[in-house]
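Trainee: I'm passing along entry_29.cif; it holds mmCIF, N, CA and C atoms.
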```cif
data_protein
loop_
_atom_site.label_atom_id
_atom_site.label_comp_id
_atom_site.auth_asym_id
_atom_site.auth_seq_id
_atom_site.Cartn_x
_atom_site.Cartn_y
_atom_site.Cartn_z
N MET A 1 -13.19 10.71 5.80
CA MET A 1 -12.51 9.56 5.23
C MET A 1 -11.00 9.79 5.34
N ILE A 2 -10.26 8.71 5.50
CA ILE A 2 -8.80 8.76 5.52
C ILE A 2 -8.29 7.98 4.31
N ARG A 3 -7.45 8.62 3.53
CA ARG A 3 -6.83 7.97 2.37
C ARG A 3 -5.40 7.60 2.76
N HIS A 4 -5.14 6.31 2.80
CA HIS A 4 -3.82 5.75 3.16
C HIS A 4 -3.09 5.48 1.85
N ILE A 5 -2.03 6.23 1.60
CA ILE A 5 -1.29 6.15 0.34
C ILE A 5 0.07 5.52 0.62
N VAL A 6 0.39 4.46 -0.11
CA VAL A 6 1.65 3.75 0.09
C VAL A 6 2.36 3.62 -1.26
N LEU A 7 3.59 4.09 -1.33
CA LEU A 7 4.42 3.97 -2.52
C LEU A 7 5.56 3.02 -2.21
N ILE A 8 5.86 2.13 -3.15
CA ILE A 8 6.87 1.10 -2.91
C ILE A 8 7.89 1.09 -4.04
N ARG A 9 9.14 1.08 -3.64
CA ARG A 9 10.26 0.91 -4.57
C ARG A 9 10.73 -0.53 -4.39
N PHE A 10 10.29 -1.41 -5.28
CA PHE A 10 10.66 -2.82 -5.18
C PHE A 10 12.11 -3.04 -5.62
N ARG A 11 12.72 -4.09 -5.07
CA ARG A 11 14.07 -4.48 -5.48
C ARG A 11 14.05 -4.80 -6.98
N PRO A 12 15.15 -4.59 -7.67
CA PRO A 12 15.20 -4.86 -9.12
C PRO A 12 14.91 -6.31 -9.49
N ASP A 13 15.18 -7.25 -8.59
CA ASP A 13 14.96 -8.66 -8.91
C ASP A 13 13.52 -9.12 -8.70
N VAL A 14 12.66 -8.26 -8.21
CA VAL A 14 11.25 -8.62 -7.98
C VAL A 14 10.48 -8.43 -9.29
N THR A 15 9.90 -9.50 -9.78
CA THR A 15 9.21 -9.47 -11.08
C THR A 15 7.83 -8.81 -10.95
N GLU A 16 7.32 -8.39 -12.09
CA GLU A 16 5.96 -7.83 -12.12
C GLU A 16 4.94 -8.88 -11.67
N ALA A 17 5.18 -10.14 -12.03
CA ALA A 17 4.27 -11.21 -11.61
C ALA A 17 4.25 -11.33 -10.08
N LYS A 18 5.41 -11.23 -9.45
CA LYS A 18 5.47 -11.30 -7.99
C LYS A 18 4.77 -10.10 -7.37
N ILE A 19 4.97 -8.92 -7.94
CA ILE A 19 4.31 -7.72 -7.44
C ILE A 19 2.79 -7.87 -7.56
N ASP A 20 2.33 -8.37 -8.70
CA ASP A 20 0.89 -8.62 -8.88
C ASP A 20 0.36 -9.58 -7.82
N ALA A 21 1.13 -10.61 -7.51
CA ALA A 21 0.72 -11.58 -6.49
C ALA A 21 0.66 -10.94 -5.10
N LEU A 22 1.62 -10.08 -4.80
CA LEU A 22 1.61 -9.38 -3.51
C LEU A 22 0.39 -8.46 -3.41
N PHE A 23 0.09 -7.74 -4.47
CA PHE A 23 -1.09 -6.86 -4.44
C PHE A 23 -2.38 -7.68 -4.38
N ALA A 24 -2.42 -8.82 -5.03
CA ALA A 24 -3.61 -9.69 -4.95
C ALA A 24 -3.82 -10.14 -3.50
N GLU A 25 -2.74 -10.46 -2.83
CA GLU A 25 -2.84 -10.84 -1.41
C GLU A 25 -3.33 -9.66 -0.57
N LEU A 26 -2.84 -8.48 -0.86
CA LEU A 26 -3.30 -7.28 -0.16
C LEU A 26 -4.80 -7.10 -0.32
N HIS A 27 -5.31 -7.30 -1.53
CA HIS A 27 -6.74 -7.11 -1.80
C HIS A 27 -7.61 -8.12 -1.07
N GLN A 28 -7.05 -9.23 -0.63
CA GLN A 28 -7.83 -10.23 0.10
C GLN A 28 -8.35 -9.72 1.43
N ILE A 29 -7.77 -8.64 1.95
CA ILE A 29 -8.23 -8.09 3.22
C ILE A 29 -9.54 -7.29 3.04
N GLU A 30 -9.83 -6.91 1.79
CA GLU A 30 -11.07 -6.17 1.53
C GLU A 30 -12.28 -7.02 1.94
N GLY A 31 -13.24 -6.39 2.57
CA GLY A 31 -14.43 -7.08 3.01
C GLY A 31 -14.29 -7.74 4.37
N ARG A 32 -13.08 -7.79 4.90
CA ARG A 32 -12.85 -8.41 6.21
C ARG A 32 -12.86 -7.41 7.36
N LEU A 33 -12.63 -6.14 7.03
CA LEU A 33 -12.51 -5.13 8.07
C LEU A 33 -13.58 -4.06 7.93
N PRO A 34 -14.40 -3.88 8.95
CA PRO A 34 -15.36 -2.77 8.90
C PRO A 34 -14.60 -1.45 8.76
N GLY A 35 -15.10 -0.58 7.93
CA GLY A 35 -14.49 0.73 7.77
C GLY A 35 -13.45 0.82 6.67
N LEU A 36 -13.03 -0.33 6.11
CA LEU A 36 -12.14 -0.31 4.94
C LEU A 36 -13.04 -0.19 3.72
N LEU A 37 -12.97 0.95 3.05
CA LEU A 37 -13.88 1.24 1.94
C LEU A 37 -13.40 0.65 0.61
N GLY A 38 -12.11 0.46 0.46
CA GLY A 38 -11.60 -0.11 -0.78
C GLY A 38 -10.11 0.11 -0.93
N ILE A 39 -9.51 -0.72 -1.80
CA ILE A 39 -8.08 -0.64 -2.08
C ILE A 39 -7.91 -0.60 -3.60
N THR A 40 -7.03 0.28 -4.05
CA THR A 40 -6.63 0.37 -5.45
C THR A 40 -5.12 0.22 -5.49
N SER A 41 -4.60 -0.64 -6.37
CA SER A 41 -3.15 -0.85 -6.41
C SER A 41 -2.68 -0.95 -7.85
N GLY A 42 -1.38 -0.74 -8.04
CA GLY A 42 -0.81 -0.91 -9.37
C GLY A 42 0.51 -0.21 -9.57
N ARG A 43 0.86 -0.12 -10.84
CA ARG A 43 2.12 0.50 -11.28
C ARG A 43 1.83 1.90 -11.80
N SER A 44 2.73 2.82 -11.52
CA SER A 44 2.56 4.19 -11.98
C SER A 44 2.57 4.26 -13.51
N GLU A 45 1.68 5.07 -14.02
CA GLU A 45 1.65 5.37 -15.45
C GLU A 45 1.72 6.88 -15.67
N SER A 46 2.36 7.57 -14.74
CA SER A 46 2.41 9.02 -14.75
C SER A 46 3.19 9.56 -15.94
N PRO A 47 2.60 10.49 -16.70
CA PRO A 47 3.35 11.11 -17.79
C PRO A 47 4.45 12.04 -17.28
N GLU A 48 4.37 12.44 -16.00
CA GLU A 48 5.41 13.31 -15.43
C GLU A 48 6.71 12.56 -15.15
N GLN A 49 6.62 11.27 -14.95
CA GLN A 49 7.78 10.40 -14.69
C GLN A 49 8.67 10.95 -13.57
N MET A 50 8.01 11.28 -12.43
CA MET A 50 8.73 11.80 -11.27
C MET A 50 8.68 10.80 -10.10
N GLU A 51 8.55 9.53 -10.40
CA GLU A 51 8.38 8.52 -9.35
C GLU A 51 9.63 8.29 -8.51
N ARG A 52 10.79 8.62 -9.03
CA ARG A 52 12.06 8.44 -8.32
C ARG A 52 12.24 7.01 -7.81
N GLY A 53 11.83 6.06 -8.63
CA GLY A 53 11.98 4.65 -8.30
C GLY A 53 10.78 4.03 -7.61
N TYR A 54 9.86 4.83 -7.14
CA TYR A 54 8.64 4.32 -6.49
C TYR A 54 7.60 4.09 -7.57
N MET A 55 7.76 2.96 -8.27
CA MET A 55 6.94 2.69 -9.45
C MET A 55 5.62 1.98 -9.14
N HIS A 56 5.44 1.51 -7.93
CA HIS A 56 4.24 0.77 -7.55
C HIS A 56 3.68 1.35 -6.26
N GLY A 57 2.39 1.14 -6.07
CA GLY A 57 1.80 1.59 -4.83
C GLY A 57 0.34 1.21 -4.74
N PHE A 58 -0.23 1.62 -3.62
CA PHE A 58 -1.66 1.40 -3.43
C PHE A 58 -2.26 2.50 -2.57
N VAL A 59 -3.56 2.62 -2.71
CA VAL A 59 -4.35 3.55 -1.91
C VAL A 59 -5.43 2.73 -1.24
N ALA A 60 -5.56 2.91 0.07
CA ALA A 60 -6.64 2.27 0.82
C ALA A 60 -7.45 3.37 1.48
N ASP A 61 -8.75 3.35 1.27
CA ASP A 61 -9.63 4.36 1.86
C ASP A 61 -10.35 3.78 3.08
N PHE A 62 -10.37 4.56 4.15
CA PHE A 62 -10.97 4.14 5.42
C PHE A 62 -12.01 5.15 5.86
N ARG A 63 -13.02 4.66 6.55
CA ARG A 63 -14.10 5.50 7.04
C ARG A 63 -13.56 6.60 7.96
N ASP A 64 -12.62 6.22 8.85
CA ASP A 64 -12.11 7.17 9.84
C ASP A 64 -10.77 6.66 10.39
N TRP A 65 -10.20 7.41 11.31
CA TRP A 65 -8.91 7.04 11.90
C TRP A 65 -8.98 5.72 12.64
N ASP A 66 -10.10 5.44 13.30
CA ASP A 66 -10.24 4.18 14.03
C ASP A 66 -10.19 2.98 13.08
N ALA A 67 -10.81 3.12 11.91
CA ALA A 67 -10.78 2.03 10.92
C ALA A 67 -9.36 1.83 10.39
N LEU A 68 -8.63 2.92 10.18
CA LEU A 68 -7.24 2.80 9.75
C LEU A 68 -6.41 2.09 10.82
N GLN A 69 -6.64 2.44 12.08
CA GLN A 69 -5.90 1.80 13.16
C GLN A 69 -6.22 0.31 13.25
N ALA A 70 -7.49 -0.04 13.06
CA ALA A 70 -7.88 -1.46 13.07
C ALA A 70 -7.16 -2.22 11.96
N TYR A 71 -7.02 -1.59 10.80
CA TYR A 71 -6.29 -2.18 9.68
C TYR A 71 -4.81 -2.35 10.04
N GLN A 72 -4.23 -1.31 10.64
CA GLN A 72 -2.82 -1.37 11.02
C GLN A 72 -2.56 -2.53 11.99
N ASP A 73 -3.50 -2.76 12.90
CA ASP A 73 -3.35 -3.78 13.94
C ASP A 73 -3.72 -5.18 13.47
N HIS A 74 -4.42 -5.30 12.36
CA HIS A 74 -4.94 -6.58 11.90
C HIS A 74 -3.79 -7.51 11.48
N PRO A 75 -3.82 -8.78 11.88
CA PRO A 75 -2.73 -9.71 11.52
C PRO A 75 -2.55 -9.90 10.02
N ASP A 76 -3.63 -9.84 9.24
CA ASP A 76 -3.48 -9.98 7.79
C ASP A 76 -2.69 -8.80 7.21
N HIS A 77 -2.96 -7.59 7.71
CA HIS A 77 -2.21 -6.41 7.26
C HIS A 77 -0.75 -6.55 7.66
N GLN A 78 -0.50 -6.98 8.87
CA GLN A 78 0.88 -7.12 9.33
C GLN A 78 1.64 -8.16 8.50
N ALA A 79 0.96 -9.23 8.12
CA ALA A 79 1.60 -10.28 7.31
C ALA A 79 1.95 -9.75 5.91
N ILE A 80 1.01 -9.09 5.24
CA ILE A 80 1.31 -8.59 3.90
C ILE A 80 2.28 -7.42 3.98
N GLY A 81 2.19 -6.63 5.03
CA GLY A 81 3.15 -5.54 5.22
C GLY A 81 4.57 -6.07 5.33
N ALA A 82 4.74 -7.17 6.04
CA ALA A 82 6.07 -7.79 6.17
C ALA A 82 6.57 -8.28 4.81
N LYS A 83 5.67 -8.83 3.99
CA LYS A 83 6.07 -9.32 2.67
C LYS A 83 6.44 -8.17 1.74
N LEU A 84 5.67 -7.09 1.80
CA LEU A 84 6.00 -5.92 0.99
C LEU A 84 7.36 -5.37 1.40
N THR A 85 7.60 -5.28 2.71
CA THR A 85 8.88 -4.78 3.21
C THR A 85 10.03 -5.68 2.77
N GLU A 86 9.80 -6.98 2.81
CA GLU A 86 10.82 -7.95 2.40
C GLU A 86 11.22 -7.76 0.94
N HIS A 87 10.27 -7.37 0.10
CA HIS A 87 10.53 -7.23 -1.33
C HIS A 87 10.88 -5.79 -1.74
N ALA A 88 10.78 -4.86 -0.81
CA ALA A 88 11.10 -3.46 -1.11
C ALA A 88 12.62 -3.26 -1.10
N ASP A 89 13.08 -2.35 -1.93
CA ASP A 89 14.49 -2.00 -1.98
C ASP A 89 14.88 -1.38 -0.63
N GLN A 90 15.81 -2.00 0.07
CA GLN A 90 16.28 -1.57 1.39
C GLN A 90 15.19 -1.64 2.45
N GLY A 91 14.30 -2.61 2.32
CA GLY A 91 13.27 -2.83 3.34
C GLY A 91 12.36 -1.63 3.52
N LYS A 92 12.16 -1.23 4.76
CA LYS A 92 11.24 -0.10 5.04
C LYS A 92 11.68 1.19 4.37
N ASP A 93 12.97 1.33 4.09
CA ASP A 93 13.43 2.54 3.41
C ASP A 93 12.91 2.62 1.97
N GLY A 94 12.39 1.53 1.45
CA GLY A 94 11.83 1.52 0.10
C GLY A 94 10.32 1.68 0.07
N ILE A 95 9.75 2.11 1.22
CA ILE A 95 8.30 2.29 1.31
C ILE A 95 7.99 3.66 1.90
N LEU A 96 7.08 4.37 1.24
CA LEU A 96 6.60 5.65 1.75
C LEU A 96 5.11 5.51 2.08
N CYS A 97 4.71 6.02 3.24
CA CYS A 97 3.29 6.02 3.62
C CYS A 97 2.86 7.45 3.89
N PHE A 98 1.64 7.76 3.49
CA PHE A 98 1.09 9.11 3.66
C PHE A 98 -0.40 8.96 3.93
N ASP A 99 -0.88 9.50 5.04
CA ASP A 99 -2.30 9.42 5.40
C ASP A 99 -2.92 10.80 5.28
N LEU A 100 -3.95 10.87 4.45
CA LEU A 100 -4.57 12.14 4.11
C LEU A 100 -6.04 12.15 4.48
N PRO A 101 -6.44 13.02 5.42
CA PRO A 101 -7.88 13.16 5.69
C PRO A 101 -8.57 13.78 4.47
N VAL A 102 -9.67 13.19 4.06
CA VAL A 102 -10.42 13.67 2.89
C VAL A 102 -11.82 14.06 3.34
N THR A 103 -12.21 15.28 3.02
CA THR A 103 -13.55 15.73 3.37
C THR A 103 -14.37 15.93 2.11
N ASP A 104 -15.68 15.88 2.28
CA ASP A 104 -16.58 16.05 1.13
C ASP A 104 -16.54 17.46 0.60
#
```
Using the file provided, produce a representation of the structure as structure tokens.
Mentor:
Amino acid sequence: MIRHIVLIRFRPDVTEAKIDALFAELHQIEGRLPGLLGITSGRSESPEQMERGYMHGFVADFRDWDALQAYQDHPDHQAIGAKLTEHADQGKDGILCFDLPVTD
């Protein structure tokens, strides 16, 4: 399995309601792509408070690298990715992505 981890530092003027709407749109891709196992999204509630401004994010789990690539190439992903980038502080500089292979 591949765990796709995305952390987002939204611009200060982006409301929680707007962030919720963006994540709701992201979740609409679930069930449309074979190999996408699920998406979890939200705001950090870490007691360590080491987010460094990356207060929101999501995790998407994929069956394998091919499923992740299909997601990357999918027009729905590209559309929501553009919206997330538009609302991130300094565009792509406000987004961190990390892909982690997970074994049983």
Trainee: DSSP on the backbone, strand (DSSP E) only: what residues of region 16-78 of chain A does that give? Format it as an NGL selection string.
Mentor: :A and (36-43 or 56-62)
Trainee: Write out, as a PDB file, in the frame of the given file, the residues just selected, with N, CA and C atoms.
Mentor:
```
ATOM      1  N   LEU A  36     -13.030  -0.330   6.110  1.00  0.00           N
ATOM      2  CA  LEU A  36     -12.140  -0.310   4.940  1.00  0.00           C
ATOM      3  C   LEU A  36     -13.040  -0.190   3.720  1.00  0.00           C
ATOM      4  N   LEU A  37     -12.970   0.950   3.050  1.00  0.00           N
ATOM      5  CA  LEU A  37     -13.880   1.240   1.940  1.00  0.00           C
ATOM      6  C   LEU A  37     -13.400   0.650   0.610  1.00  0.00           C
ATOM      7  N   GLY A  38     -12.110   0.460   0.460  1.00  0.00           N
ATOM      8  CA  GLY A  38     -11.600  -0.110  -0.780  1.00  0.00           C
ATOM      9  C   GLY A  38     -10.110   0.110  -0.930  1.00  0.00           C
ATOM     10  N   ILE A  39      -9.510  -0.720  -1.800  1.00  0.00           N
ATOM     11  CA  ILE A  39      -8.080  -0.640  -2.080  1.00  0.00           C
ATOM     12  C   ILE A  39      -7.910  -0.600  -3.600  1.00  0.00           C
ATOM     13  N   THR A  40      -7.030   0.280  -4.050  1.00  0.00           N
ATOM     14  CA  THR A  40      -6.630   0.370  -5.450  1.00  0.00           C
ATOM     15  C   THR A  40      -5.120   0.220  -5.490  1.00  0.00           C
ATOM     16  N   SER A  41      -4.600  -0.640  -6.370  1.00  0.00           N
ATOM     17  CA  SER A  41      -3.150  -0.850  -6.410  1.00  0.00           C
ATOM     18  C   SER A  41      -2.680  -0.950  -7.850  1.00  0.00           C
ATOM     19  N   GLY A  42      -1.380  -0.740  -8.040  1.00  0.00           N
ATOM     20  CA  GLY A  42      -0.810  -0.910  -9.370  1.00  0.00           C
ATOM     21  C   GLY A  42       0.510  -0.210  -9.570  1.00  0.00           C
ATOM     22  N   ARG A  43       0.860  -0.120 -10.840  1.00  0.00           N
ATOM     23  CA  ARG A  43       2.120   0.500 -11.280  1.00  0.00           C
ATOM     24  C   ARG A  43       1.830   1.900 -11.800  1.00  0.00           C
ATOM     25  N   HIS A  56       5.440   1.510  -7.930  1.00  0.00           N
ATOM     26  CA  HIS A  56       4.240   0.770  -7.550  1.00  0.00           C
ATOM     27  C   HIS A  56       3.680   1.350  -6.260  1.00  0.00           C
ATOM     28  N   GLY A  57       2.390   1.140  -6.070  1.00  0.00           N
ATOM     29  CA  GLY A  57       1.800   1.590  -4.830  1.00  0.00           C
ATOM     30  C   GLY A  57       0.340   1.210  -4.740  1.00  0.00           C
ATOM     31  N   PHE A  58      -0.230   1.620  -3.620  1.00  0.00           N
ATOM     32  CA  PHE A  58      -1.660   1.400  -3.430  1.00  0.00           C
ATOM     33  C   PHE A  58      -2.260   2.500  -2.570  1.00  0.00           C
ATOM     34  N   VAL A  59      -3.560   2.620  -2.710  1.00  0.00           N
ATOM     35  CA  VAL A  59      -4.350   3.550  -1.910  1.00  0.00           C
ATOM     36  C   VAL A  59      -5.430   2.730  -1.240  1.00  0.00           C
ATOM     37  N   ALA A  60      -5.560   2.910   0.070  1.00  0.00           N
ATOM     38  CA  ALA A  60      -6.640   2.270   0.820  1.00  0.00           C
ATOM     39  C   ALA A  60      -7.450   3.370   1.480  1.00  0.00           C
ATOM     40  N   ASP A  61      -8.750   3.350   1.270  1.00  0.00           N
ATOM     41  CA  ASP A  61      -9.630   4.360   1.860  1.00  0.00           C
ATOM     42  C   ASP A  61     -10.350   3.780   3.080  1.00  0.00           C
ATOM     43  N   PHE A  62     -10.370   4.560   4.150  1.00  0.00           N
ATOM     44  CA  PHE A  62     -10.970   4.140   5.420  1.00  0.00           C
ATOM     45  C   PHE A  62     -12.010   5.150   5.860  1.00  0.00           C
TER      46      PHE A  62
END
```
Trainee: Give me, as a PyMOL selection string, all polymer residues having an atom no more than 6.5 Å from region 52-56 of chain A, counting all atoms listed in the file and skipping those fewer than 3 positions away in the same chain.
Mentor: chain A and resi 6-10+42-44+49
Trainee: Closest to Thr103 (chain A) among A:Ile2, A:Leu37, A:Ile19, A:Ala88, using all atoms listed in the file?
Mentor: A:Ile2
Trainee: Interatomic distance between CA of Gly31 (chain A) and CA of Gly57 (chain A)?
Mentor: 20.0 Å
Trainee: Give the centre and edge lengths of an axis-aligned box, in Å to one decimal, that holds all listed atoms of region 54-69 of chain A with 3 Å on each side, as AutoDock Vina command-line options.
Mentor:
```
--center_x -2.1 --center_y 3.9 --center_z 2.3 --size_x 30.0 --size_y 13.1 --size_z 29.5
```
Trainee: Would you please work out which residue, of A:Gly35, A:Ile29, A:Thr40, A:Ala17, is nearest to Ala60 (chain A) when using all atoms listed in the file?
Mentor: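 Closest to Ala60 (chain A) of all the choices is A:Thr40.
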Trainee: Find the distance between CA of Ala24 (chain A) and CA of Gly81 (chain A) and write it in Å to one decimal.
Mentor: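 Separation of CA of Ala24 (chain A) and CA of Gly81 (chain A): 12.9 Å.
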Trainee: Which protein, DNA or RNA residues are at most 10 Å from (-11.2, -2.1, 4.7) in the file's coordinates when you count only C-alpha atoms, listed as a list in words?
Mentor: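 Using only C-alpha atoms, the matching residues come out as His27, Gln28, Ile29, Glu30, Gly31, Arg32, Leu33, Pro34, Gly35, Leu36, Leu37, Gly38, Ile39, Ala60, Asp61, Phe62, Arg63, Ala67, Leu68, Ala70 and Tyr71 of chain A.
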Trainee: Work out how far atom N of Arg3 (chain A) is from atom C of Gln78 (chain A), in Å to one decimal.
Mentor: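 Rounded to one decimal, the two atoms are 19.7 Å apart.
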Trainee: Find the spatial neighbours of Ile5 (chain A), counting only C-alpha atoms, within a cut-off of 7 Å - ignore same-chain residues fewer than 4 positions away - and output them as a ChimeraX atom specification.
Mentor: /A:58-60,97-99
Trainee: Those same residues - N, CA and C atoms - I'd like them written as a PDB file, in the coordinates of the input.
Mentor:
```
ATOM      1  N   PHE A  58      -0.230   1.620  -3.620  1.00  0.00           N
ATOM      2  CA  PHE A  58      -1.660   1.400  -3.430  1.00  0.00           C
ATOM      3  C   PHE A  58      -2.260   2.500  -2.570  1.00  0.00           C
ATOM      4  N   VAL A  59      -3.560   2.620  -2.710  1.00  0.00           N
ATOM      5  CA  VAL A  59      -4.350   3.550  -1.910  1.00  0.00           C
ATOM      6  C   VAL A  59      -5.430   2.730  -1.240  1.00  0.00           C
ATOM      7  N   ALA A  60      -5.560   2.910   0.070  1.00  0.00           N
ATOM      8  CA  ALA A  60      -6.640   2.270   0.820  1.00  0.00           C
ATOM      9  C   ALA A  60      -7.450   3.370   1.480  1.00  0.00           C
ATOM     10  N   CYS A  97       4.710   6.020   3.240  1.00  0.00           N
ATOM     11  CA  CYS A  97       3.290   6.020   3.620  1.00  0.00           C
ATOM     12  C   CYS A  97       2.860   7.450   3.890  1.00  0.00           C
ATOM     13  N   PHE A  98       1.640   7.760   3.490  1.00  0.00           N
ATOM     14  CA  PHE A  98       1.090   9.110   3.660  1.00  0.00           C
ATOM     15  C   PHE A  98      -0.400   8.960   3.930  1.00  0.00           C
ATOM     16  N   ASP A  99      -0.880   9.500   5.040  1.00  0.00           N
ATOM     17  CA  ASP A  99      -2.300   9.420   5.400  1.00  0.00           C
ATOM     18  C   ASP A  99      -2.920  10.800   5.280  1.00  0.00           C
TER      19      ASP A  99
END
```
Trainee: How about completing region 42-59 of chain A with N, CA, C and O atoms and giving it to me as a tab-separated table (two decimals), in the frame of the given file?
Mentor:
```
chain	number	residue	atom	x	y	z
A	42	GLY	N	-1.38	-0.74	-8.04
A	42	GLY	CA	-0.81	-0.91	-9.37
A	42	GLY	C	0.51	-0.21	-9.57
A	42	GLY	O	1.16	0.23	-8.62
A	43	ARG	N	0.86	-0.12	-10.84
A	43	ARG	CA	2.12	0.50	-11.28
A	43	ARG	C	1.83	1.90	-11.80
A	43	ARG	O	0.82	2.13	-12.46
A	44	SER	N	2.73	2.82	-11.52
A	44	SER	CA	2.56	4.19	-11.98
A	44	SER	C	2.57	4.26	-13.51
A	44	SER	O	3.36	3.58	-14.16
A	45	GLU	N	1.68	5.07	-14.02
A	45	GLU	CA	1.65	5.37	-15.45
A	45	GLU	C	1.72	6.88	-15.67
A	45	GLU	O	1.22	7.41	-16.66
A	46	SER	N	2.36	7.57	-14.74
A	46	SER	CA	2.41	9.02	-14.75
A	46	SER	C	3.19	9.56	-15.94
A	46	SER	O	4.34	9.16	-16.16
A	47	PRO	N	2.60	10.49	-16.70
A	47	PRO	CA	3.35	11.11	-17.79
A	47	PRO	C	4.45	12.04	-17.28
A	47	PRO	O	5.38	12.34	-18.01
A	48	GLU	N	4.37	12.44	-16.00
A	48	GLU	CA	5.41	13.31	-15.43
A	48	GLU	C	6.71	12.56	-15.15
A	48	GLU	O	7.77	13.18	-15.09
A	49	GLN	N	6.62	11.27	-14.95
A	49	GLN	CA	7.78	10.40	-14.69
A	49	GLN	C	8.67	10.95	-13.57
A	49	GLN	O	9.88	11.05	-13.69
A	50	MET	N	8.01	11.28	-12.43
A	50	MET	CA	8.73	11.80	-11.27
A	50	MET	C	8.68	10.80	-10.10
A	50	MET	O	8.79	11.19	-8.95
A	51	GLU	N	8.55	9.53	-10.40
A	51	GLU	CA	8.38	8.52	-9.35
A	51	GLU	C	9.63	8.29	-8.51
A	51	GLU	O	9.53	7.76	-7.40
A	52	ARG	N	10.79	8.62	-9.03
A	52	ARG	CA	12.06	8.44	-8.32
A	52	ARG	C	12.24	7.01	-7.81
A	52	ARG	O	12.69	6.78	-6.69
A	53	GLY	N	11.83	6.06	-8.63
A	53	GLY	CA	11.98	4.65	-8.30
A	53	GLY	C	10.78	4.03	-7.61
A	53	GLY	O	10.69	2.81	-7.51
A	54	TYR	N	9.86	4.83	-7.14
A	54	TYR	CA	8.64	4.32	-6.49
A	54	TYR	C	7.60	4.09	-7.57
A	54	TYR	O	6.69	4.88	-7.77
A	55	MET	N	7.76	2.96	-8.27
A	55	MET	CA	6.94	2.69	-9.45
A	55	MET	C	5.62	1.98	-9.14
A	55	MET	O	4.78	1.86	-10.01
A	56	HIS	N	5.44	1.51	-7.93
A	56	HIS	CA	4.24	0.77	-7.55
A	56	HIS	C	3.68	1.35	-6.26
A	56	HIS	O	4.40	1.93	-5.46
A	57	GLY	N	2.39	1.14	-6.07
A	57	GLY	CA	1.80	1.59	-4.83
A	57	GLY	C	0.34	1.21	-4.74
A	57	GLY	O	-0.21	0.56	-5.62
A	58	PHE	N	-0.23	1.62	-3.62
A	58	PHE	CA	-1.66	1.40	-3.43
A	58	PHE	C	-2.26	2.50	-2.57
A	58	PHE	O	-1.55	3.22	-1.87
A	59	VAL	N	-3.56	2.62	-2.71
A	59	VAL	CA	-4.35	3.55	-1.91
A	59	VAL	C	-5.43	2.73	-1.24
A	59	VAL	O	-6.12	1.94	-1.90
```
